[in-house]
$ cat protein-v7.cif   # mmCIF, N, CA and C atoms
data_protein
loop_
_atom_site.group_PDB
_atom_site.id
_atom_site.type_symbol
_atom_site.label_atom_id
_atom_site.label_comp_id
_atom_site.auth_asym_id
_atom_site.auth_seq_id
_atom_site.Cartn_x
_atom_site.Cartn_y
_atom_site.Cartn_z
ATOM 1 N N MET A 243 -33.083 -42.920 49.510
ATOM 2 C CA MET A 243 -32.609 -44.291 49.525
ATOM 3 C C MET A 243 -33.782 -45.214 49.804
ATOM 4 N N GLN A 244 -33.768 -46.363 49.163
ATOM 5 C CA GLN A 244 -34.901 -47.276 49.325
ATOM 6 C C GLN A 244 -34.708 -48.195 50.522
ATOM 7 N N ASP A 245 -34.383 -47.593 51.674
ATOM 8 C CA ASP A 245 -34.178 -48.261 52.960
ATOM 9 C C ASP A 245 -33.433 -49.592 52.876
ATOM 10 N N ILE A 246 -32.284 -49.566 52.244
ATOM 11 C CA ILE A 246 -31.411 -50.737 52.190
ATOM 12 C C ILE A 246 -30.565 -50.728 53.454
ATOM 13 N N SER A 247 -30.401 -51.914 54.061
ATOM 14 C CA SER A 247 -29.609 -52.006 55.284
ATOM 15 C C SER A 247 -28.462 -52.988 55.107
ATOM 16 N N LEU A 248 -27.554 -53.001 56.063
ATOM 17 C CA LEU A 248 -26.452 -53.955 56.030
ATOM 18 C C LEU A 248 -27.011 -55.375 56.081
ATOM 19 N N GLY A 249 -26.423 -56.276 55.327
ATOM 20 C CA GLY A 249 -26.890 -57.655 55.308
ATOM 21 C C GLY A 249 -28.094 -57.888 54.422
ATOM 22 N N GLN A 250 -28.568 -56.859 53.759
ATOM 23 C CA GLN A 250 -29.734 -56.955 52.875
ATOM 24 C C GLN A 250 -29.373 -57.785 51.640
ATOM 25 N N ILE A 251 -30.264 -58.663 51.235
ATOM 26 C CA ILE A 251 -30.075 -59.431 50.009
ATOM 27 C C ILE A 251 -30.672 -58.613 48.869
ATOM 28 N N VAL A 252 -29.876 -58.417 47.817
ATOM 29 C CA VAL A 252 -30.320 -57.620 46.672
ATOM 30 C C VAL A 252 -30.011 -58.366 45.376
ATOM 31 N N ILE A 253 -30.713 -57.978 44.320
ATOM 32 C CA ILE A 253 -30.463 -58.516 42.984
ATOM 33 C C ILE A 253 -30.068 -57.350 42.097
ATOM 34 N N SER A 254 -29.018 -57.548 41.328
ATOM 35 C CA SER A 254 -28.567 -56.507 40.414
ATOM 36 C C SER A 254 -29.577 -56.360 39.284
ATOM 37 N N ALA A 255 -29.981 -55.120 39.012
ATOM 38 C CA ALA A 255 -30.972 -54.852 37.973
ATOM 39 C C ALA A 255 -30.334 -54.271 36.719
ATOM 40 N N ALA A 256 -29.035 -53.976 36.770
ATOM 41 C CA ALA A 256 -28.359 -53.390 35.611
ATOM 42 C C ALA A 256 -26.891 -53.767 35.628
ATOM 43 N N GLY A 257 -26.300 -53.749 34.451
ATOM 44 C CA GLY A 257 -24.883 -54.048 34.324
ATOM 45 C C GLY A 257 -24.640 -55.485 33.911
ATOM 46 N N ARG A 258 -23.372 -55.848 33.808
ATOM 47 C CA ARG A 258 -23.041 -57.206 33.355
ATOM 48 C C ARG A 258 -23.392 -58.263 34.381
ATOM 49 N N ASP A 259 -23.620 -57.857 35.632
ATOM 50 C CA ASP A 259 -24.013 -58.803 36.673
ATOM 51 C C ASP A 259 -25.532 -58.817 36.901
ATOM 52 N N LYS A 260 -26.282 -58.359 35.919
ATOM 53 C CA LYS A 260 -27.750 -58.282 36.014
ATOM 54 C C LYS A 260 -28.334 -59.653 36.349
ATOM 55 N N GLY A 261 -29.221 -59.679 37.353
ATOM 56 C CA GLY A 261 -29.884 -60.912 37.752
ATOM 57 C C GLY A 261 -29.166 -61.689 38.840
ATOM 58 N N CYS A 262 -27.971 -61.275 39.215
ATOM 59 C CA CYS A 262 -27.197 -61.970 40.250
ATOM 60 C C CYS A 262 -27.565 -61.450 41.641
ATOM 61 N N LYS A 263 -27.493 -62.361 42.622
ATOM 62 C CA LYS A 263 -27.787 -61.997 44.009
ATOM 63 C C LYS A 263 -26.518 -61.574 44.730
ATOM 64 N N PHE A 264 -26.662 -60.593 45.610
ATOM 65 C CA PHE A 264 -25.555 -60.065 46.387
ATOM 66 C C PHE A 264 -26.021 -59.748 47.802
ATOM 67 N N VAL A 265 -25.065 -59.534 48.696
ATOM 68 C CA VAL A 265 -25.333 -59.073 50.060
ATOM 69 C C VAL A 265 -24.711 -57.689 50.199
ATOM 70 N N VAL A 266 -25.446 -56.758 50.820
ATOM 71 C CA VAL A 266 -24.929 -55.412 51.046
ATOM 72 C C VAL A 266 -23.957 -55.456 52.218
ATOM 73 N N LEU A 267 -22.699 -55.050 51.963
ATOM 74 C CA LEU A 267 -21.663 -55.066 52.999
ATOM 75 C C LEU A 267 -21.448 -53.711 53.650
ATOM 76 N N CYS A 268 -21.640 -52.645 52.875
ATOM 77 C CA CYS A 268 -21.358 -51.306 53.384
ATOM 78 C C CYS A 268 -22.236 -50.299 52.647
ATOM 79 N N ILE A 269 -22.769 -49.349 53.378
ATOM 80 C CA ILE A 269 -23.563 -48.285 52.776
ATOM 81 C C ILE A 269 -22.705 -47.023 52.765
ATOM 82 N N ILE A 270 -22.377 -46.554 51.564
ATOM 83 C CA ILE A 270 -21.525 -45.377 51.423
ATOM 84 C C ILE A 270 -22.336 -44.104 51.680
ATOM 85 N N ASP A 271 -23.395 -43.926 50.916
ATOM 86 C CA ASP A 271 -24.319 -42.804 51.095
ATOM 87 C C ASP A 271 -25.663 -43.227 50.515
ATOM 88 N N GLU A 272 -26.535 -42.258 50.229
ATOM 89 C CA GLU A 272 -27.877 -42.609 49.728
ATOM 90 C C GLU A 272 -27.854 -43.141 48.300
ATOM 91 N N LYS A 273 -26.733 -42.994 47.592
ATOM 92 C CA LYS A 273 -26.659 -43.447 46.201
ATOM 93 C C LYS A 273 -25.823 -44.700 45.989
ATOM 94 N N TYR A 274 -24.834 -44.965 46.846
ATOM 95 C CA TYR A 274 -23.887 -46.052 46.609
ATOM 96 C C TYR A 274 -23.777 -47.016 47.785
ATOM 97 N N VAL A 275 -23.579 -48.293 47.447
ATOM 98 C CA VAL A 275 -23.321 -49.339 48.443
ATOM 99 C C VAL A 275 -22.221 -50.257 47.916
ATOM 100 N N TYR A 276 -21.598 -51.004 48.829
ATOM 101 C CA TYR A 276 -20.672 -52.062 48.455
ATOM 102 C C TYR A 276 -21.403 -53.384 48.604
ATOM 103 N N ILE A 277 -21.289 -54.250 47.573
ATOM 104 C CA ILE A 277 -21.962 -55.535 47.592
ATOM 105 C C ILE A 277 -20.966 -56.651 47.301
ATOM 106 N N SER A 278 -21.310 -57.858 47.757
ATOM 107 C CA SER A 278 -20.453 -59.016 47.534
ATOM 108 C C SER A 278 -21.321 -60.252 47.352
ATOM 109 N N ASP A 279 -20.818 -61.196 46.517
ATOM 110 C CA ASP A 279 -21.507 -62.480 46.375
ATOM 111 C C ASP A 279 -20.666 -63.629 46.915
ATOM 112 N N GLY A 280 -19.465 -63.322 47.424
ATOM 113 C CA GLY A 280 -18.605 -64.337 48.000
ATOM 114 C C GLY A 280 -17.914 -65.217 46.978
ATOM 115 N N ASP A 281 -18.167 -64.990 45.700
ATOM 116 C CA ASP A 281 -17.579 -65.814 44.647
ATOM 117 C C ASP A 281 -16.750 -64.945 43.707
ATOM 118 N N ILE A 282 -17.416 -64.269 42.789
ATOM 119 C CA ILE A 282 -16.712 -63.382 41.863
ATOM 120 C C ILE A 282 -16.333 -62.093 42.585
ATOM 121 N N ARG A 283 -17.256 -61.545 43.325
ATOM 122 C CA ARG A 283 -17.007 -60.347 44.130
ATOM 123 C C ARG A 283 -16.831 -60.775 45.578
ATOM 124 N N LYS A 284 -15.595 -60.897 45.988
ATOM 125 C CA LYS A 284 -15.265 -61.376 47.329
ATOM 126 C C LYS A 284 -15.411 -60.255 48.359
ATOM 127 N N VAL A 285 -15.430 -60.655 49.618
ATOM 128 C CA VAL A 285 -15.554 -59.702 50.723
ATOM 129 C C VAL A 285 -14.367 -58.741 50.727
ATOM 130 N N GLU A 286 -13.191 -59.249 50.343
ATOM 131 C CA GLU A 286 -11.987 -58.426 50.350
ATOM 132 C C GLU A 286 -12.011 -57.346 49.270
ATOM 133 N N LYS A 287 -12.755 -57.575 48.188
ATOM 134 C CA LYS A 287 -12.835 -56.607 47.103
ATOM 135 C C LYS A 287 -14.290 -56.509 46.614
ATOM 136 N N PRO A 288 -15.157 -55.875 47.416
ATOM 137 C CA PRO A 288 -16.575 -55.783 47.036
ATOM 138 C C PRO A 288 -16.793 -54.824 45.876
ATOM 139 N N LYS A 289 -17.966 -54.935 45.265
ATOM 140 C CA LYS A 289 -18.327 -54.096 44.118
ATOM 141 C C LYS A 289 -19.065 -52.856 44.589
ATOM 142 N N LEU A 290 -18.659 -51.714 44.074
ATOM 143 C CA LEU A 290 -19.371 -50.464 44.334
ATOM 144 C C LEU A 290 -20.526 -50.396 43.347
ATOM 145 N N LYS A 291 -21.741 -50.240 43.844
ATOM 146 C CA LYS A 291 -22.919 -50.270 42.974
ATOM 147 C C LYS A 291 -23.876 -49.168 43.380
ATOM 148 N N LYS A 292 -24.541 -48.586 42.384
ATOM 149 C CA LYS A 292 -25.574 -47.582 42.666
ATOM 150 C C LYS A 292 -26.822 -48.280 43.197
ATOM 151 N N VAL A 293 -27.443 -47.670 44.182
ATOM 152 C CA VAL A 293 -28.649 -48.232 44.791
ATOM 153 C C VAL A 293 -29.768 -48.349 43.768
ATOM 154 N N LYS A 294 -29.840 -47.393 42.832
ATOM 155 C CA LYS A 294 -30.920 -47.428 41.839
ATOM 156 C C LYS A 294 -30.777 -48.606 40.873
ATOM 157 N N HIS A 295 -29.610 -49.255 40.848
ATOM 158 C CA HIS A 295 -29.401 -50.417 39.987
ATOM 159 C C HIS A 295 -29.592 -51.733 40.731
ATOM 160 N N LEU A 296 -30.167 -51.657 41.924
ATOM 161 C CA LEU A 296 -30.395 -52.844 42.741
ATOM 162 C C LEU A 296 -31.875 -53.034 43.027
ATOM 163 N N LYS A 297 -32.297 -54.294 43.031
ATOM 164 C CA LYS A 297 -33.657 -54.638 43.425
ATOM 165 C C LYS A 297 -33.574 -55.286 44.798
ATOM 166 N N LYS A 298 -34.253 -54.705 45.762
ATOM 167 C CA LYS A 298 -34.186 -55.167 47.141
ATOM 168 C C LYS A 298 -35.116 -56.358 47.362
ATOM 169 N N LEU A 299 -34.597 -57.405 47.998
ATOM 170 C CA LEU A 299 -35.432 -58.528 48.411
ATOM 171 C C LEU A 299 -35.814 -58.310 49.870
ATOM 172 N N ASN A 300 -36.929 -58.892 50.290
ATOM 173 C CA ASN A 300 -37.389 -58.708 51.665
ATOM 174 C C ASN A 300 -36.708 -59.694 52.599
ATOM 175 N N HIS A 301 -35.393 -59.735 52.555
ATOM 176 C CA HIS A 301 -34.637 -60.645 53.412
ATOM 177 C C HIS A 301 -33.350 -59.960 53.863
ATOM 178 N N VAL A 302 -33.173 -59.900 55.174
ATOM 179 C CA VAL A 302 -31.944 -59.367 55.745
ATOM 180 C C VAL A 302 -31.292 -60.489 56.536
ATOM 181 N N ALA A 303 -30.038 -60.800 56.214
ATOM 182 C CA ALA A 303 -29.299 -61.844 56.926
ATOM 183 C C ALA A 303 -28.833 -61.273 58.260
ATOM 184 N N GLU A 304 -29.531 -61.619 59.325
ATOM 185 C CA GLU A 304 -29.246 -61.035 60.638
ATOM 186 C C GLU A 304 -27.851 -61.388 61.133
ATOM 187 N N ASN A 305 -27.407 -62.637 60.901
ATOM 188 C CA ASN A 305 -26.073 -63.018 61.388
ATOM 189 C C ASN A 305 -24.976 -62.240 60.671
ATOM 190 N N ILE A 306 -25.149 -61.988 59.382
ATOM 191 C CA ILE A 306 -24.170 -61.197 58.632
ATOM 192 C C ILE A 306 -24.243 -59.735 59.052
ATOM 193 N N LYS A 307 -25.445 -59.238 59.270
ATOM 194 C CA LYS A 307 -25.622 -57.852 59.712
ATOM 195 C C LYS A 307 -24.919 -57.624 61.051
ATOM 196 N N GLU A 308 -25.073 -58.564 61.976
ATOM 197 C CA GLU A 308 -24.425 -58.448 63.289
ATOM 198 C C GLU A 308 -22.906 -58.452 63.153
ATOM 199 N N LYS A 309 -22.380 -59.335 62.289
ATOM 200 C CA LYS A 309 -20.930 -59.391 62.084
ATOM 201 C C LYS A 309 -20.406 -58.087 61.490
ATOM 202 N N LEU A 310 -21.129 -57.526 60.531
ATOM 203 C CA LEU A 310 -20.695 -56.280 59.905
ATOM 204 C C LEU A 310 -20.729 -55.125 60.895
ATOM 205 N N GLU A 311 -21.756 -55.082 61.731
ATOM 206 C CA GLU A 311 -21.879 -53.998 62.707
ATOM 207 C C GLU A 311 -20.837 -54.086 63.812
ATOM 208 N N SER A 312 -20.429 -55.311 64.173
ATOM 209 C CA SER A 312 -19.444 -55.475 65.242
ATOM 210 C C SER A 312 -18.021 -55.632 64.707
ATOM 211 N N CYS A 313 -17.847 -55.417 63.400
ATOM 212 C CA CYS A 313 -16.526 -55.464 62.736
ATOM 213 C C CYS A 313 -15.849 -56.827 62.850
ATOM 214 N N GLU A 314 -16.643 -57.897 62.941
ATOM 215 C CA GLU A 314 -16.074 -59.244 62.934
ATOM 216 C C GLU A 314 -15.715 -59.625 61.506
ATOM 217 N N LYS A 315 -14.807 -60.607 61.374
ATOM 218 C CA LYS A 315 -14.400 -61.064 60.054
ATOM 219 C C LYS A 315 -15.532 -61.866 59.427
ATOM 220 N N LEU A 316 -15.833 -61.565 58.196
ATOM 221 C CA LEU A 316 -16.888 -62.242 57.449
ATOM 222 C C LEU A 316 -16.229 -63.057 56.346
ATOM 223 N N SER A 317 -16.623 -64.323 56.207
ATOM 224 C CA SER A 317 -15.990 -65.167 55.191
ATOM 225 C C SER A 317 -16.845 -65.226 53.928
ATOM 226 N N ASN A 318 -16.167 -65.468 52.819
ATOM 227 C CA ASN A 318 -16.855 -65.591 51.532
ATOM 228 C C ASN A 318 -17.780 -66.810 51.521
ATOM 229 N N SER A 319 -17.388 -67.871 52.211
ATOM 230 C CA SER A 319 -18.215 -69.086 52.225
ATOM 231 C C SER A 319 -19.551 -68.839 52.930
ATOM 232 N N GLU A 320 -19.565 -67.988 53.953
ATOM 233 C CA GLU A 320 -20.831 -67.654 54.630
ATOM 234 C C GLU A 320 -21.797 -66.983 53.662
ATOM 235 N N ILE A 321 -21.262 -66.057 52.872
ATOM 236 C CA ILE A 321 -22.103 -65.335 51.911
ATOM 237 C C ILE A 321 -22.601 -66.286 50.830
ATOM 238 N N ARG A 322 -21.719 -67.154 50.323
ATOM 239 C CA ARG A 322 -22.125 -68.115 49.283
ATOM 240 C C ARG A 322 -23.220 -69.042 49.787
ATOM 241 N N LYS A 323 -23.064 -69.549 51.026
ATOM 242 C CA LYS A 323 -24.082 -70.440 51.604
ATOM 243 C C LYS A 323 -25.421 -69.736 51.736
ATOM 244 N N LEU A 324 -25.375 -68.504 52.212
ATOM 245 C CA LEU A 324 -26.600 -67.731 52.401
ATOM 246 C C LEU A 324 -27.313 -67.511 51.062
ATOM 247 N N LEU A 325 -26.584 -67.068 50.049
ATOM 248 C CA LEU A 325 -27.197 -66.781 48.753
ATOM 249 C C LEU A 325 -27.692 -68.045 48.072
ATOM 250 N N LYS A 326 -27.021 -69.166 48.303
ATOM 251 C CA LYS A 326 -27.458 -70.447 47.726
ATOM 252 C C LYS A 326 -28.770 -70.910 48.351
ATOM 253 N N SER A 327 -28.932 -70.625 49.658
ATOM 254 C CA SER A 327 -30.137 -71.061 50.367
ATOM 255 C C SER A 327 -31.365 -70.234 50.001
ATOM 256 N N ILE A 328 -31.159 -69.056 49.417
ATOM 257 C CA ILE A 328 -32.271 -68.173 49.047
ATOM 258 C C ILE A 328 -32.556 -68.319 47.554
ATOM 259 N N ASP A 329 -33.701 -68.861 47.235
ATOM 260 C CA ASP A 329 -34.092 -68.998 45.820
ATOM 261 C C ASP A 329 -35.452 -68.427 45.546
#

$ encode --input "protein-v7.cif" --output "structure tokens"
Amino acid sequence: MQDISLGQIVISAAGRDKGCKFVVLCIIDEKYVYISDGDIRKVEKPKLKKVKHLKKLNHVAENIKEKLESCEKLSNSEIRKLLKSID
């Protein structure tokens, strides 16, 4: 696994969502993660994606990571704001 962590900002490198930014919500195993963009892929129904189809950015959203680790509710608007602020 290419050391992807919870709250990591990633860009899809393959598929119909190629080039879109996402936040890693859950790490299934070394091959699969759940990702969300808060818009098309909401927190309630994240996308299952292979790690090899993701390009990792050097940015981890610490506030989102803390919420995910402590099982707090995460809103779609938080994810949208975060991804909008990163260009």

$ closest_residue --input "protein-v7.cif" --among "A:Leu316, A:Leu325, A:Ile282, A:Leu248" --to "Leu267 (chain A)" --atoms "all atoms listed in the file"
A:Leu248

$ atom_distance --input "protein-v7.cif" --atom1 "CA of Lys294 (chain A)" --atom2 "CA of Lys315 (chain A)"
28.1 Å

$ residues_around --input "protein-v7.cif" --residues "Ile306 (chain A)" --least-positions-apart "5" --cutoff "10 Å" --atoms "only C-alpha atoms" --output "ChimeraX atom specification"
/A:248-250,265-267,311-312,314-317,320-321,324

$ select_by_dssp --input "protein-v7.cif" --residues "region 253-307 of chain A" --states "alpha helix (DSSP H)" --output "JSON, numbers by chain"
{"A": [304, 305, 306, 307]}

$ atom_distance --input "protein-v7.cif" --atom1 "CA of Ala256 (chain A)" --atom2 "atom C of His295 (chain A)"
5.5 Å

$ residues_near_point --input "protein-v7.cif" --point "(-17.6, -61.2, 47.3)" --cutoff "10 Å" --atoms "only C-alpha atoms" --output "ChimeraX atom specification"
/A:264-265,267,276-289,317-319,321-322

$ atom_distance --input "protein-v7.cif" --atom1 "atom C of Lys291 (chain A)" --atom2 "atom N of Gly261 (chain A)"
13.2 Å

$ closest_residue --input "protein-v7.cif" --among "A:Ile251, A:Ala303, A:Leu290, A:Cys313" --to "Ile270 (chain A)" --atoms "only C-alpha atoms"
A:Leu290

$ closest_residue --input "protein-v7.cif" --among "A:Ile328, A:Leu296, A:Leu310, A:Ala255" --to "Cys268 (chain A)" --atoms "only C-alpha atoms"
A:Leu310

$ select_by_dssp --input "protein-v7.cif" --residues "chain A" --states "strand (DSSP E)" --output "list in words"
Gln250, Ile251, Val252, Ile253, Ser254, Lys263, Phe264, Val265, Val266, Leu267, Cys268, Ile269, Tyr274, Val275, Tyr276, Ile277, Ser278, Lys289, Leu290, Lys291, Lys292, Leu296, Lys297, Lys298, Leu299, Asn300, His301 and Val302 of chain A

$ build_atoms --input "protein-v7.cif" --residues "region 252-263 of chain A" --atoms "all heavy atoms" --output "mmCIF file, in the frame of the given file"
data_model
loop_
_atom_site.group_PDB
_atom_site.id
_atom_site.type_symbol
_atom_site.label_atom_id
_atom_site.label_comp_id
_atom_site.auth_asym_id
_atom_site.auth_seq_id
_atom_site.Cartn_x
_atom_site.Cartn_y
_atom_site.Cartn_z
ATOM 1 N N VAL A 252 -29.876 -58.417 47.817
ATOM 2 C CA VAL A 252 -30.320 -57.620 46.672
ATOM 3 C C VAL A 252 -30.011 -58.366 45.376
ATOM 4 O O VAL A 252 -29.172 -59.264 45.349
ATOM 5 C CB VAL A 252 -29.633 -56.224 46.642
ATOM 6 C CG1 VAL A 252 -30.065 -55.376 47.816
ATOM 7 C CG2 VAL A 252 -28.129 -56.354 46.604
ATOM 8 N N ILE A 253 -30.713 -57.978 44.320
ATOM 9 C CA ILE A 253 -30.463 -58.516 42.984
ATOM 10 C C ILE A 253 -30.068 -57.350 42.097
ATOM 11 O O ILE A 253 -30.711 -56.299 42.107
ATOM 12 C CB ILE A 253 -31.714 -59.218 42.415
ATOM 13 C CG1 ILE A 253 -32.053 -60.446 43.260
ATOM 14 C CG2 ILE A 253 -31.494 -59.620 40.965
ATOM 15 C CD1 ILE A 253 -33.304 -61.170 42.829
ATOM 16 N N SER A 254 -29.018 -57.548 41.328
ATOM 17 C CA SER A 254 -28.567 -56.507 40.414
ATOM 18 C C SER A 254 -29.577 -56.360 39.284
ATOM 19 O O SER A 254 -29.977 -57.336 38.662
ATOM 20 C CB SER A 254 -27.197 -56.877 39.851
ATOM 21 O OG SER A 254 -26.810 -55.941 38.880
ATOM 22 N N ALA A 255 -29.981 -55.120 39.012
ATOM 23 C CA ALA A 255 -30.972 -54.852 37.973
ATOM 24 C C ALA A 255 -30.334 -54.271 36.719
ATOM 25 O O ALA A 255 -31.011 -54.091 35.709
ATOM 26 C CB ALA A 255 -32.030 -53.893 38.508
ATOM 27 N N ALA A 256 -29.035 -53.976 36.770
ATOM 28 C CA ALA A 256 -28.359 -53.390 35.611
ATOM 29 C C ALA A 256 -26.891 -53.767 35.628
ATOM 30 O O ALA A 256 -26.322 -54.070 36.669
ATOM 31 C CB ALA A 256 -28.502 -51.870 35.645
ATOM 32 N N GLY A 257 -26.300 -53.749 34.451
ATOM 33 C CA GLY A 257 -24.883 -54.048 34.324
ATOM 34 C C GLY A 257 -24.640 -55.485 33.911
ATOM 35 O O GLY A 257 -25.569 -56.255 33.705
ATOM 36 N N ARG A 258 -23.372 -55.848 33.808
ATOM 37 C CA ARG A 258 -23.041 -57.206 33.355
ATOM 38 C C ARG A 258 -23.392 -58.263 34.381
ATOM 39 O O ARG A 258 -23.454 -59.437 34.060
ATOM 40 C CB ARG A 258 -21.579 -57.292 32.959
ATOM 41 C CG ARG A 258 -20.614 -57.074 34.089
ATOM 42 C CD ARG A 258 -19.198 -57.239 33.646
ATOM 43 N NE ARG A 258 -18.868 -56.226 32.658
ATOM 44 C CZ ARG A 258 -17.682 -56.058 32.114
ATOM 45 N NH1 ARG A 258 -16.704 -56.839 32.468
ATOM 46 N NH2 ARG A 258 -17.457 -55.120 31.243
ATOM 47 N N ASP A 259 -23.620 -57.857 35.632
ATOM 48 C CA ASP A 259 -24.013 -58.803 36.673
ATOM 49 C C ASP A 259 -25.532 -58.817 36.901
ATOM 50 O O ASP A 259 -26.003 -59.274 37.937
ATOM 51 C CB ASP A 259 -23.287 -58.486 37.974
ATOM 52 C CG ASP A 259 -23.525 -57.062 38.445
ATOM 53 O OD1 ASP A 259 -24.321 -56.342 37.818
ATOM 54 O OD2 ASP A 259 -22.887 -56.653 39.431
ATOM 55 N N LYS A 260 -26.282 -58.359 35.919
ATOM 56 C CA LYS A 260 -27.750 -58.282 36.014
ATOM 57 C C LYS A 260 -28.334 -59.653 36.349
ATOM 58 O O LYS A 260 -27.978 -60.660 35.742
ATOM 59 C CB LYS A 260 -28.316 -57.784 34.684
ATOM 60 C CG LYS A 260 -29.802 -57.582 34.693
ATOM 61 C CD LYS A 260 -30.279 -57.014 33.377
ATOM 62 C CE LYS A 260 -31.768 -56.802 33.404
ATOM 63 N NZ LYS A 260 -32.244 -56.188 32.176
ATOM 64 N N GLY A 261 -29.221 -59.679 37.353
ATOM 65 C CA GLY A 261 -29.884 -60.912 37.752
ATOM 66 C C GLY A 261 -29.166 -61.689 38.840
ATOM 67 O O GLY A 261 -29.704 -62.659 39.365
ATOM 68 N N CYS A 262 -27.971 -61.275 39.215
ATOM 69 C CA CYS A 262 -27.197 -61.970 40.250
ATOM 70 C C CYS A 262 -27.565 -61.450 41.641
ATOM 71 O O CYS A 262 -27.870 -60.282 41.811
ATOM 72 C CB CYS A 262 -25.707 -61.782 40.014
ATOM 73 S SG CYS A 262 -25.126 -62.479 38.473
ATOM 74 N N LYS A 263 -27.493 -62.361 42.622
ATOM 75 C CA LYS A 263 -27.787 -61.997 44.009
ATOM 76 C C LYS A 263 -26.518 -61.574 44.730
ATOM 77 O O LYS A 263 -25.455 -62.141 44.515
ATOM 78 C CB LYS A 263 -28.409 -63.179 44.744
ATOM 79 C CG LYS A 263 -29.838 -63.433 44.357
ATOM 80 C CD LYS A 263 -30.413 -64.535 45.175
ATOM 81 C CE LYS A 263 -30.359 -65.789 44.345
ATOM 82 N NZ LYS A 263 -30.914 -66.957 44.956
#
